[in-house]
file work.cif (mmCIF, N, CA, C and O atoms)
data_my_file
#
loop_
_atom_site.label_atom_id
_atom_site.label_comp_id
_atom_site.auth_asym_id
_atom_site.auth_seq_id
_atom_site.Cartn_x
_atom_site.Cartn_y
_atom_site.Cartn_z
N MET A 1 0.84 -1.17 0.00
CA MET A 1 0.00 0.00 0.00
C MET A 1 0.89 1.23 0.00
O MET A 1 1.38 1.66 1.01
N PRO A 2 1.13 1.81 -1.14
CA PRO A 2 2.02 2.96 -1.27
C PRO A 2 1.41 4.24 -0.68
O PRO A 2 0.23 4.51 -0.84
N ILE A 3 2.27 5.00 -0.04
CA ILE A 3 1.90 6.30 0.50
C ILE A 3 2.77 7.34 -0.18
O ILE A 3 3.98 7.20 -0.24
N VAL A 4 2.16 8.38 -0.70
CA VAL A 4 2.88 9.47 -1.36
C VAL A 4 2.97 10.62 -0.36
O VAL A 4 1.97 11.01 0.24
N VAL A 5 4.18 11.16 -0.18
CA VAL A 5 4.42 12.29 0.72
C VAL A 5 4.64 13.53 -0.13
O VAL A 5 5.48 13.53 -1.02
N ARG A 6 3.90 14.58 0.15
CA ARG A 6 3.92 15.78 -0.68
C ARG A 6 4.43 17.01 0.09
O ARG A 6 3.78 18.05 0.11
N ILE A 7 5.59 16.88 0.67
CA ILE A 7 6.17 18.01 1.41
C ILE A 7 6.50 19.15 0.45
O ILE A 7 6.23 20.32 0.76
N ASP A 8 7.08 18.85 -0.69
CA ASP A 8 7.46 19.91 -1.64
C ASP A 8 6.27 20.76 -2.05
O ASP A 8 6.39 21.98 -2.18
N VAL A 9 5.13 20.13 -2.25
CA VAL A 9 3.94 20.86 -2.66
C VAL A 9 3.55 21.87 -1.58
O VAL A 9 3.28 23.04 -1.88
N GLU A 10 3.53 21.42 -0.34
CA GLU A 10 3.13 22.30 0.76
C GLU A 10 4.17 23.40 1.00
O GLU A 10 3.81 24.54 1.30
N LEU A 11 5.44 23.08 0.85
CA LEU A 11 6.48 24.10 0.99
C LEU A 11 6.35 25.15 -0.11
O LEU A 11 6.47 26.35 0.14
N ALA A 12 6.10 24.71 -1.32
CA ALA A 12 5.96 25.63 -2.44
C ALA A 12 4.75 26.54 -2.26
O ALA A 12 4.82 27.75 -2.54
N ARG A 13 3.66 25.99 -1.77
CA ARG A 13 2.45 26.81 -1.55
C ARG A 13 2.71 27.93 -0.56
O ARG A 13 2.11 28.99 -0.64
N ARG A 14 3.61 27.67 0.38
CA ARG A 14 3.90 28.66 1.41
C ARG A 14 5.17 29.45 1.12
O ARG A 14 5.59 30.27 1.92
N LYS A 15 5.81 29.13 0.00
CA LYS A 15 7.07 29.78 -0.38
C LYS A 15 8.09 29.69 0.75
O LYS A 15 8.77 30.66 1.07
N MET A 16 8.16 28.50 1.36
CA MET A 16 9.06 28.26 2.48
C MET A 16 10.28 27.49 2.00
O MET A 16 10.14 26.53 1.25
N LYS A 17 11.44 27.90 2.45
CA LYS A 17 12.68 27.21 2.09
C LYS A 17 12.85 25.97 2.96
O LYS A 17 12.41 25.92 4.11
N VAL A 18 13.53 24.99 2.41
CA VAL A 18 13.74 23.72 3.12
C VAL A 18 14.48 23.96 4.43
O VAL A 18 14.13 23.38 5.46
N GLY A 19 15.49 24.80 4.41
CA GLY A 19 16.26 25.07 5.64
C GLY A 19 15.41 25.70 6.73
O GLY A 19 15.52 25.33 7.91
N ASP A 20 14.55 26.64 6.34
CA ASP A 20 13.65 27.27 7.32
C ASP A 20 12.66 26.25 7.88
O ASP A 20 12.38 26.23 9.08
N PHE A 21 12.15 25.40 6.99
CA PHE A 21 11.22 24.35 7.41
C PHE A 21 11.91 23.38 8.37
O PHE A 21 11.37 23.05 9.42
N ALA A 22 13.12 22.96 8.02
CA ALA A 22 13.86 22.02 8.86
C ALA A 22 14.08 22.59 10.25
O ALA A 22 13.87 21.91 11.26
N ASP A 23 14.50 23.86 10.32
CA ASP A 23 14.72 24.51 11.62
C ASP A 23 13.44 24.57 12.44
O ASP A 23 13.43 24.28 13.63
N ALA A 24 12.35 24.95 11.80
CA ALA A 24 11.07 25.10 12.51
C ALA A 24 10.53 23.77 13.01
O ALA A 24 9.92 23.71 14.08
N VAL A 25 10.77 22.69 12.25
CA VAL A 25 10.26 21.37 12.63
C VAL A 25 11.19 20.69 13.63
O VAL A 25 10.75 19.87 14.43
N GLY A 26 12.47 21.03 13.58
CA GLY A 26 13.44 20.38 14.46
C GLY A 26 14.13 19.21 13.80
O GLY A 26 14.57 18.28 14.46
N LEU A 27 14.23 19.25 12.47
CA LEU A 27 14.93 18.23 11.71
C LEU A 27 16.18 18.85 11.08
O LEU A 27 16.26 20.06 10.93
N THR A 28 17.09 18.00 10.68
CA THR A 28 18.21 18.49 9.90
C THR A 28 17.75 18.62 8.45
O THR A 28 16.85 17.90 8.02
N PRO A 29 18.37 19.51 7.69
CA PRO A 29 18.03 19.59 6.26
C PRO A 29 18.23 18.24 5.56
O PRO A 29 17.48 17.90 4.64
N ALA A 30 19.21 17.47 6.01
CA ALA A 30 19.45 16.14 5.41
C ALA A 30 18.26 15.22 5.63
O ALA A 30 17.87 14.47 4.73
N ASN A 31 17.65 15.27 6.81
CA ASN A 31 16.49 14.41 7.07
C ASN A 31 15.27 14.87 6.30
O ASN A 31 14.45 14.05 5.88
N VAL A 32 15.13 16.17 6.08
CA VAL A 32 14.04 16.66 5.23
C VAL A 32 14.26 16.15 3.82
O VAL A 32 13.31 15.71 3.15
N ALA A 33 15.51 16.16 3.35
CA ALA A 33 15.82 15.65 2.01
C ALA A 33 15.47 14.17 1.90
O ALA A 33 14.97 13.72 0.87
N VAL A 34 15.71 13.41 2.96
CA VAL A 34 15.36 11.98 2.96
C VAL A 34 13.86 11.81 2.75
O VAL A 34 13.42 10.97 1.97
N LEU A 35 13.08 12.62 3.43
CA LEU A 35 11.62 12.56 3.26
C LEU A 35 11.22 12.98 1.85
O LEU A 35 10.42 12.31 1.20
N LYS A 36 11.80 14.07 1.36
CA LYS A 36 11.42 14.59 0.05
C LYS A 36 11.83 13.68 -1.10
O LYS A 36 11.14 13.61 -2.10
N ASN A 37 12.96 13.00 -0.95
CA ASN A 37 13.52 12.24 -2.07
C ASN A 37 13.16 10.77 -2.07
O ASN A 37 13.71 10.00 -2.87
N GLY A 38 12.27 10.35 -1.19
CA GLY A 38 11.78 8.99 -1.23
C GLY A 38 12.64 7.95 -0.54
O GLY A 38 12.45 6.76 -0.76
N ARG A 39 13.55 8.37 0.29
CA ARG A 39 14.42 7.40 0.97
C ARG A 39 13.93 7.06 2.37
O ARG A 39 14.48 6.17 3.01
N ALA A 40 12.91 7.76 2.87
CA ALA A 40 12.39 7.50 4.21
C ALA A 40 11.57 6.22 4.22
O ALA A 40 10.83 5.94 3.28
N LYS A 41 11.70 5.46 5.29
CA LYS A 41 10.92 4.24 5.42
C LYS A 41 9.86 4.38 6.50
O LYS A 41 8.98 3.54 6.61
N ALA A 42 9.96 5.43 7.30
CA ALA A 42 9.01 5.63 8.39
C ALA A 42 9.05 7.10 8.80
O ALA A 42 9.98 7.82 8.46
N ILE A 43 8.02 7.52 9.51
CA ILE A 43 7.99 8.87 10.08
C ILE A 43 7.31 8.78 11.44
O ILE A 43 6.30 8.08 11.59
N ARG A 44 7.87 9.44 12.41
CA ARG A 44 7.27 9.45 13.75
C ARG A 44 6.05 10.37 13.75
O ARG A 44 6.03 11.38 13.06
N PHE A 45 5.07 10.02 14.56
CA PHE A 45 3.90 10.88 14.68
C PHE A 45 4.30 12.25 15.22
O PHE A 45 3.72 13.26 14.82
N SER A 46 5.27 12.31 16.11
CA SER A 46 5.70 13.61 16.64
C SER A 46 6.30 14.48 15.53
O SER A 46 6.11 15.70 15.53
N THR A 47 7.00 13.86 14.59
CA THR A 47 7.55 14.61 13.45
C THR A 47 6.42 15.07 12.53
O THR A 47 6.40 16.23 12.08
N LEU A 48 5.47 14.19 12.27
CA LEU A 48 4.32 14.55 11.44
C LEU A 48 3.54 15.68 12.09
O LEU A 48 3.12 16.64 11.42
N GLU A 49 3.37 15.61 13.39
CA GLU A 49 2.67 16.67 14.13
C GLU A 49 3.39 18.00 13.99
O GLU A 49 2.77 19.04 13.71
N ALA A 50 4.72 17.99 14.13
CA ALA A 50 5.50 19.22 14.01
C ALA A 50 5.43 19.78 12.59
O ALA A 50 5.31 20.99 12.40
N MET A 51 5.46 18.90 11.60
CA MET A 51 5.36 19.34 10.21
C MET A 51 4.01 20.00 9.96
O MET A 51 3.93 21.06 9.32
N CYS A 52 2.94 19.41 10.47
CA CYS A 52 1.60 19.97 10.30
C CYS A 52 1.46 21.30 11.05
O CYS A 52 0.83 22.23 10.54
N ARG A 53 2.06 21.39 12.22
CA ARG A 53 2.01 22.64 12.99
C ARG A 53 2.70 23.76 12.22
O ARG A 53 2.15 24.86 12.06
N VAL A 54 3.90 23.49 11.71
CA VAL A 54 4.68 24.50 10.99
C VAL A 54 3.98 24.90 9.69
O VAL A 54 3.92 26.09 9.34
N LEU A 55 3.46 23.92 8.97
CA LEU A 55 2.83 24.20 7.68
C LEU A 55 1.35 24.58 7.81
O LEU A 55 0.71 24.91 6.82
N ARG A 56 0.82 24.49 9.04
CA ARG A 56 -0.59 24.77 9.29
C ARG A 56 -1.48 23.98 8.34
O ARG A 56 -2.30 24.54 7.60
N CYS A 57 -1.26 22.67 8.38
CA CYS A 57 -2.03 21.78 7.50
C CYS A 57 -2.43 20.54 8.27
O CYS A 57 -2.08 20.37 9.43
N GLN A 58 -3.14 19.67 7.62
CA GLN A 58 -3.57 18.39 8.18
C GLN A 58 -2.66 17.28 7.65
O GLN A 58 -2.08 17.44 6.55
N PRO A 59 -2.53 16.16 8.36
CA PRO A 59 -1.71 15.06 7.85
C PRO A 59 -2.10 14.63 6.43
O PRO A 59 -1.23 14.30 5.62
N GLY A 60 -3.38 14.69 6.12
CA GLY A 60 -3.85 14.33 4.79
C GLY A 60 -3.34 15.25 3.69
O GLY A 60 -3.35 14.89 2.52
N ASP A 61 -2.89 16.45 4.07
CA ASP A 61 -2.30 17.36 3.09
C ASP A 61 -0.88 16.92 2.73
O ASP A 61 -0.37 17.27 1.67
N LEU A 62 -0.24 16.17 3.62
CA LEU A 62 1.14 15.72 3.42
C LEU A 62 1.22 14.27 2.96
O LEU A 62 2.19 13.89 2.31
N LEU A 63 0.25 13.46 3.33
CA LEU A 63 0.27 12.03 3.04
C LEU A 63 -0.95 11.64 2.23
O LEU A 63 -2.06 12.06 2.53
N GLU A 64 -0.74 10.81 1.24
CA GLU A 64 -1.85 10.35 0.40
C GLU A 64 -1.64 8.89 0.04
O GLU A 64 -0.55 8.49 -0.34
N TYR A 65 -2.69 8.09 0.18
CA TYR A 65 -2.66 6.71 -0.27
C TYR A 65 -2.92 6.70 -1.77
O TYR A 65 -3.84 7.34 -2.25
N VAL A 66 -2.09 5.96 -2.50
CA VAL A 66 -2.25 5.83 -3.94
C VAL A 66 -2.22 4.34 -4.27
O VAL A 66 -1.31 3.62 -3.85
N ALA A 67 -3.21 3.87 -5.00
CA ALA A 67 -3.27 2.46 -5.39
C ALA A 67 -2.01 2.09 -6.17
O ALA A 67 -1.40 2.94 -6.82
N ASP A 68 -1.63 0.83 -6.12
CA ASP A 68 -0.41 0.37 -6.77
C ASP A 68 -0.33 0.77 -8.24
O ASP A 68 0.73 1.14 -8.72
N ASP A 69 -1.43 0.73 -8.96
CA ASP A 69 -1.43 1.09 -10.38
C ASP A 69 -1.08 2.55 -10.59
O ASP A 69 -0.45 2.90 -11.58
N ASP A 70 -1.48 3.41 -9.65
CA ASP A 70 -1.26 4.83 -9.78
C ASP A 70 0.03 5.29 -9.10
O ASP A 70 0.46 6.41 -9.28
N ALA A 71 0.66 4.43 -8.31
CA ALA A 71 1.82 4.82 -7.51
C ALA A 71 3.00 5.26 -8.36
O ALA A 71 3.67 6.23 -8.03
N ALA A 72 3.27 4.59 -9.43
CA ALA A 72 4.41 4.96 -10.27
C ALA A 72 4.22 6.35 -10.85
O ALA A 72 5.15 7.15 -10.88
N ASP A 73 3.00 6.68 -11.26
CA ASP A 73 2.73 8.01 -11.79
C ASP A 73 2.86 9.07 -10.71
O ASP A 73 3.46 10.11 -10.91
N ALA A 74 2.30 8.80 -9.54
CA ALA A 74 2.32 9.78 -8.46
C ALA A 74 3.73 9.96 -7.91
O ALA A 74 4.13 11.07 -7.58
N ALA A 75 4.50 8.89 -7.79
CA ALA A 75 5.85 8.98 -7.26
C ALA A 75 6.76 9.76 -8.20
O ALA A 75 7.72 10.37 -7.77
N GLY A 76 6.45 9.77 -9.45
CA GLY A 76 7.27 10.50 -10.41
C GLY A 76 6.92 11.98 -10.50
O GLY A 76 7.67 12.75 -11.08
N SER A 77 5.82 12.40 -9.89
CA SER A 77 5.44 13.80 -9.98
C SER A 77 6.25 14.65 -9.01
O SER A 77 6.79 14.15 -8.04
N ALA A 78 6.34 15.92 -9.29
CA ALA A 78 7.12 16.84 -8.46
C ALA A 78 6.55 16.86 -7.05
O ALA A 78 5.36 16.91 -6.84
N GLY A 79 7.45 16.83 -6.09
CA GLY A 79 7.04 16.95 -4.71
C GLY A 79 6.49 15.68 -4.11
O GLY A 79 5.86 15.72 -3.07
N ALA A 80 6.70 14.56 -4.72
CA ALA A 80 6.12 13.32 -4.20
C ALA A 80 7.21 12.29 -3.96
O ALA A 80 8.18 12.22 -4.69
N LEU A 81 7.03 11.51 -2.94
CA LEU A 81 7.89 10.37 -2.72
C LEU A 81 7.02 9.20 -2.31
O LEU A 81 5.91 9.37 -1.85
N ARG A 82 7.56 8.02 -2.46
CA ARG A 82 6.78 6.82 -2.22
C ARG A 82 7.34 6.05 -1.05
O ARG A 82 8.52 5.75 -1.01
N LEU A 83 6.50 5.74 -0.08
CA LEU A 83 6.87 4.91 1.05
C LEU A 83 6.02 3.66 1.00
O LEU A 83 4.83 3.72 0.73
N GLU A 84 6.62 2.53 1.23
CA GLU A 84 5.88 1.27 1.25
C GLU A 84 5.61 0.88 2.70
O GLU A 84 6.52 0.87 3.53
N ALA A 85 4.38 0.57 3.02
CA ALA A 85 4.02 0.13 4.36
C ALA A 85 4.70 -1.20 4.65
O ALA A 85 4.85 -2.04 3.78
N GLY A 86 5.14 -1.36 5.87
CA GLY A 86 5.74 -2.61 6.29
C GLY A 86 7.24 -2.68 6.04
O GLY A 86 7.87 -3.65 6.43
N GLU A 87 7.84 -1.68 5.42
CA GLU A 87 9.28 -1.69 5.22
C GLU A 87 9.96 -1.40 6.54
O GLU A 87 9.46 -0.65 7.37
N GLU A 88 11.08 -2.01 6.74
CA GLU A 88 11.83 -1.82 7.97
C GLU A 88 13.04 -0.97 7.68
O GLU A 88 13.56 -0.94 6.58
N ARG A 89 13.50 -0.30 8.72
CA ARG A 89 14.72 0.52 8.60
C ARG A 89 15.93 -0.34 8.46
O ARG A 89 16.11 -1.36 8.94
#
call {"tool": "encode", "arguments": {"input": "work.cif", "output": "structure tokens"}}
result
Amino acid sequence: MPIVVRIDVELARRKMKVGDFADAVGLTPANVAVLKNGRAKAIRFSTLEAMCRVLRCQPGDLLEYVADDDAADAAGSAGALRLEAGEER
């Protein structure tokens, strides 16, 4: 069950730089890059909460379930990354 993360979309809507976002959330810019570039395998609820607080959005604005058939298309779009449920670190 693929999940698409759309941090880039929300950052662009707010014209927020990655470094400013990372500082406000309490992440390193490298960890934000991991989320943005599809290398993350998990996210803590506390991190998701901080991201939503900073971006003033709901988790559903950052995370979207995409059926397997549509996942390749969605993962290739700007601002999207694909996480597979059940993957381990």
call {"tool": "atom_distance", "arguments": {"input": "work.cif", "atom1": "atom CA of Glu10 of chain A", "atom2": "atom N of Thr47 of chain A"}}
result
16.7 Å
call {"tool": "closest_residue", "arguments": {"input": "work.cif", "among": "A:Cys57, A:Val4, A:Leu63, A:Val25", "to": "Gly38 of chain A", "atoms": "only C-alpha atoms"}}
result
A:Val4
call {"tool": "atom_distance", "arguments": {"input": "work.cif", "atom1": "atom CA of Ala30 of chain A", "atom2": "atom CA of Arg13 of chain A"}}
result
21.2 Å
call {"tool": "atom_distance", "arguments": {"input": "work.cif", "atom1": "atom CA of Arg6 of chain A", "atom2": "atom CA of Leu62 of chain A"}}
result
5.0 Å
call {"tool": "closest_residue", "arguments": {"input": "work.cif", "among": "A:Val32, A:Ala40, A:Leu11, A:Ala67", "to": "Leu55 of chain A", "atoms": "all atoms listed in the file"}}
result
A:Leu11
call {"tool": "residues_near_point", "arguments": {"input": "work.cif", "point": "(12.5, 15.0, 11.0)", "cutoff": "8 Å", "atoms": "all atoms listed in the file", "output": "PyMOL selection string"}}
result
chain A and resi 22+25-28+30-32+35+43-44+46-48
call {"tool": "write_last_selection", "arguments": {"input": "work.cif", "atoms": "N, CA, C and O atoms", "output": "mmCIF file, in the frame of the given file"}}
result
data_model
loop_
_atom_site.group_PDB
_atom_site.id
_atom_site.type_symbol
_atom_site.label_atom_id
_atom_site.label_comp_id
_atom_site.auth_asym_id
_atom_site.auth_seq_id
_atom_site.Cartn_x
_atom_site.Cartn_y
_atom_site.Cartn_z
ATOM 1 N N ALA A 22 13.120 22.960 8.020
ATOM 2 C CA ALA A 22 13.860 22.020 8.860
ATOM 3 C C ALA A 22 14.080 22.590 10.250
ATOM 4 O O ALA A 22 13.870 21.910 11.260
ATOM 5 N N VAL A 25 10.770 22.690 12.250
ATOM 6 C CA VAL A 25 10.260 21.370 12.630
ATOM 7 C C VAL A 25 11.190 20.690 13.630
ATOM 8 O O VAL A 25 10.750 19.870 14.430
ATOM 9 N N GLY A 26 12.470 21.030 13.580
ATOM 10 C CA GLY A 26 13.440 20.380 14.460
ATOM 11 C C GLY A 26 14.130 19.210 13.800
ATOM 12 O O GLY A 26 14.570 18.280 14.460
ATOM 13 N N LEU A 27 14.230 19.250 12.470
ATOM 14 C CA LEU A 27 14.930 18.230 11.710
ATOM 15 C C LEU A 27 16.180 18.850 11.080
ATOM 16 O O LEU A 27 16.260 20.060 10.930
ATOM 17 N N THR A 28 17.090 18.000 10.680
ATOM 18 C CA THR A 28 18.210 18.490 9.900
ATOM 19 C C THR A 28 17.750 18.620 8.450
ATOM 20 O O THR A 28 16.850 17.900 8.020
ATOM 21 N N ALA A 30 19.210 17.470 6.010
ATOM 22 C CA ALA A 30 19.450 16.140 5.410
ATOM 23 C C ALA A 30 18.260 15.220 5.630
ATOM 24 O O ALA A 30 17.870 14.470 4.730
ATOM 25 N N ASN A 31 17.650 15.270 6.810
ATOM 26 C CA ASN A 31 16.490 14.410 7.070
ATOM 27 C C ASN A 31 15.270 14.870 6.300
ATOM 28 O O ASN A 31 14.450 14.050 5.880
ATOM 29 N N VAL A 32 15.130 16.170 6.080
ATOM 30 C CA VAL A 32 14.040 16.660 5.230
ATOM 31 C C VAL A 32 14.260 16.150 3.820
ATOM 32 O O VAL A 32 13.310 15.710 3.150
ATOM 33 N N LEU A 35 13.080 12.620 3.430
ATOM 34 C CA LEU A 35 11.620 12.560 3.260
ATOM 35 C C LEU A 35 11.220 12.980 1.850
ATOM 36 O O LEU A 35 10.420 12.310 1.200
ATOM 37 N N ILE A 43 8.020 7.520 9.510
ATOM 38 C CA ILE A 43 7.990 8.870 10.080
ATOM 39 C C ILE A 43 7.310 8.780 11.440
ATOM 40 O O ILE A 43 6.300 8.080 11.590
ATOM 41 N N ARG A 44 7.870 9.440 12.410
ATOM 42 C CA ARG A 44 7.270 9.450 13.750
ATOM 43 C C ARG A 44 6.050 10.370 13.750
ATOM 44 O O ARG A 44 6.030 11.380 13.060
ATOM 45 N N SER A 46 5.270 12.310 16.110
ATOM 46 C CA SER A 46 5.700 13.610 16.640
ATOM 47 C C SER A 46 6.300 14.480 15.530
ATOM 48 O O SER A 46 6.110 15.700 15.530
ATOM 49 N N THR A 47 7.000 13.860 14.590
ATOM 50 C CA THR A 47 7.550 14.610 13.450
ATOM 51 C C THR A 47 6.420 15.070 12.530
ATOM 52 O O THR A 47 6.400 16.230 12.080
ATOM 53 N N LEU A 48 5.470 14.190 12.270
ATOM 54 C CA LEU A 48 4.320 14.550 11.440
ATOM 55 C C LEU A 48 3.540 15.680 12.090
ATOM 56 O O LEU A 48 3.120 16.640 11.420
#
call {"tool": "closest_residue", "arguments": {"input": "work.cif", "among": "A:Ala24, A:Tyr65, A:Phe45, A:Cys52", "to": "Val5 of chain A", "atoms": "only C-alpha atoms"}}
result
A:Tyr65
